[in-house]
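One structure is given below, encoded as structure tokens.
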Amino acid sequence: MSRRSPRRPGRAERPDAVFDPLLQHERTALAWERTAIASMVAGLLFVRVSTDWHLALTVIGFAQVIVGAAILVWAGYHYDELHGPLRAGQSPISPNATVVVGTATTAFTGLATITALAAGVFGFWS
């Protein structure tokens with residue numbers, strides 16, 4: 001007997017059988033989830049360390065946690081959205097998601113680096 005959660009409106013049902021024997025889709029979803037969790041953990045550690053240094057660094061750490069949580073939620077929804085096109089034999093590739101996530105990651109990393117360097121130059125750690 002298969003155990004299924006109730007179907008949510010507007011979302012494709014998850015199949016009973018594996019339609020992709022190599023599980024690329026599942027591995028990709030798990031990679032997004034691992035990345036999001038690692039981002040949240042790094043943000044929390046950054047917040048913990050930066051509370052002694054400067055408020056701006058703490059805010060950046062909290063922003064990283066929020067972005068990581070948003071990516072984690074998005075990964076779950078995106079996983080469900082891809083089942084329909086995959087079962088229909090269509091390509092589910094969306095280059096926009098990669099661009100958005102890559103840009104956000106680069107922007108937050110750059111902002112954190114610039115803020116940390118500015119804090120060091122202007123003596124906020126003293």
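All residue names refer to the structure tokens as shown: chains lettered A, B, ... in order, residues numbered from 1 in each chain, ligands numbered from 1 in order.
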
- request: Fewer than 5 positions away in the same chain doesn't count, so skip those; otherwise give me all residues within 8 Å of range 37-41 of chain A, counting only C-alpha atoms, as a ChimeraX atom specification.
  value: /A:64-69,72

Expected file: the selected residues, C-alpha atoms, as an mmCIF file, in the first residue's frame:
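So the final result, stored in result_9.cif, reads:
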data_model
loop_
_atom_site.group_PDB
_atom_site.id
_atom_site.type_symbol
_atom_site.label_atom_id
_atom_site.label_comp_id
_atom_site.auth_asym_id
_atom_site.auth_seq_id
_atom_site.Cartn_x
_atom_site.Cartn_y
_atom_site.Cartn_z
ATOM 1 C CA GLN A 64 22.110 34.845 4.844
ATOM 2 C CA VAL A 65 19.977 32.671 7.128
ATOM 3 C CA ILE A 66 16.796 34.084 5.575
ATOM 4 C CA VAL A 67 18.069 33.519 2.031
ATOM 5 C CA GLY A 68 19.072 29.953 2.945
ATOM 6 C CA ALA A 69 15.605 29.292 4.377
ATOM 7 C CA LEU A 72 15.171 25.461 1.190
#

Among the residues A:Leu30, A:Ala119, A:Ile60, A:Ala107, the one that comes closest to Ala42 in chain A [using only C-alpha atoms]: A:Ile60

- request: Using only C-alpha atoms, find the one residue out of A:Leu82, A:Leu45, A:Ala104, A:Leu111 that sits nearest to Ala29 in chain A.
  value: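 Ranking A:Leu82, A:Leu45, A:Ala104, A:Leu111 by distance to Ala29 in chain A, first place goes to A:Leu82.
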
task: May I ask which of the residues A:Tyr77, A:Phe46, A:Phe122, A:Phe108 is the closest one to Gly61 in chain A, counting only C-alpha atoms?
output: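 Between A:Tyr77, A:Phe46, A:Phe122, A:Phe108, the residue approaching Gly61 in chain A most closely is A:Phe46.
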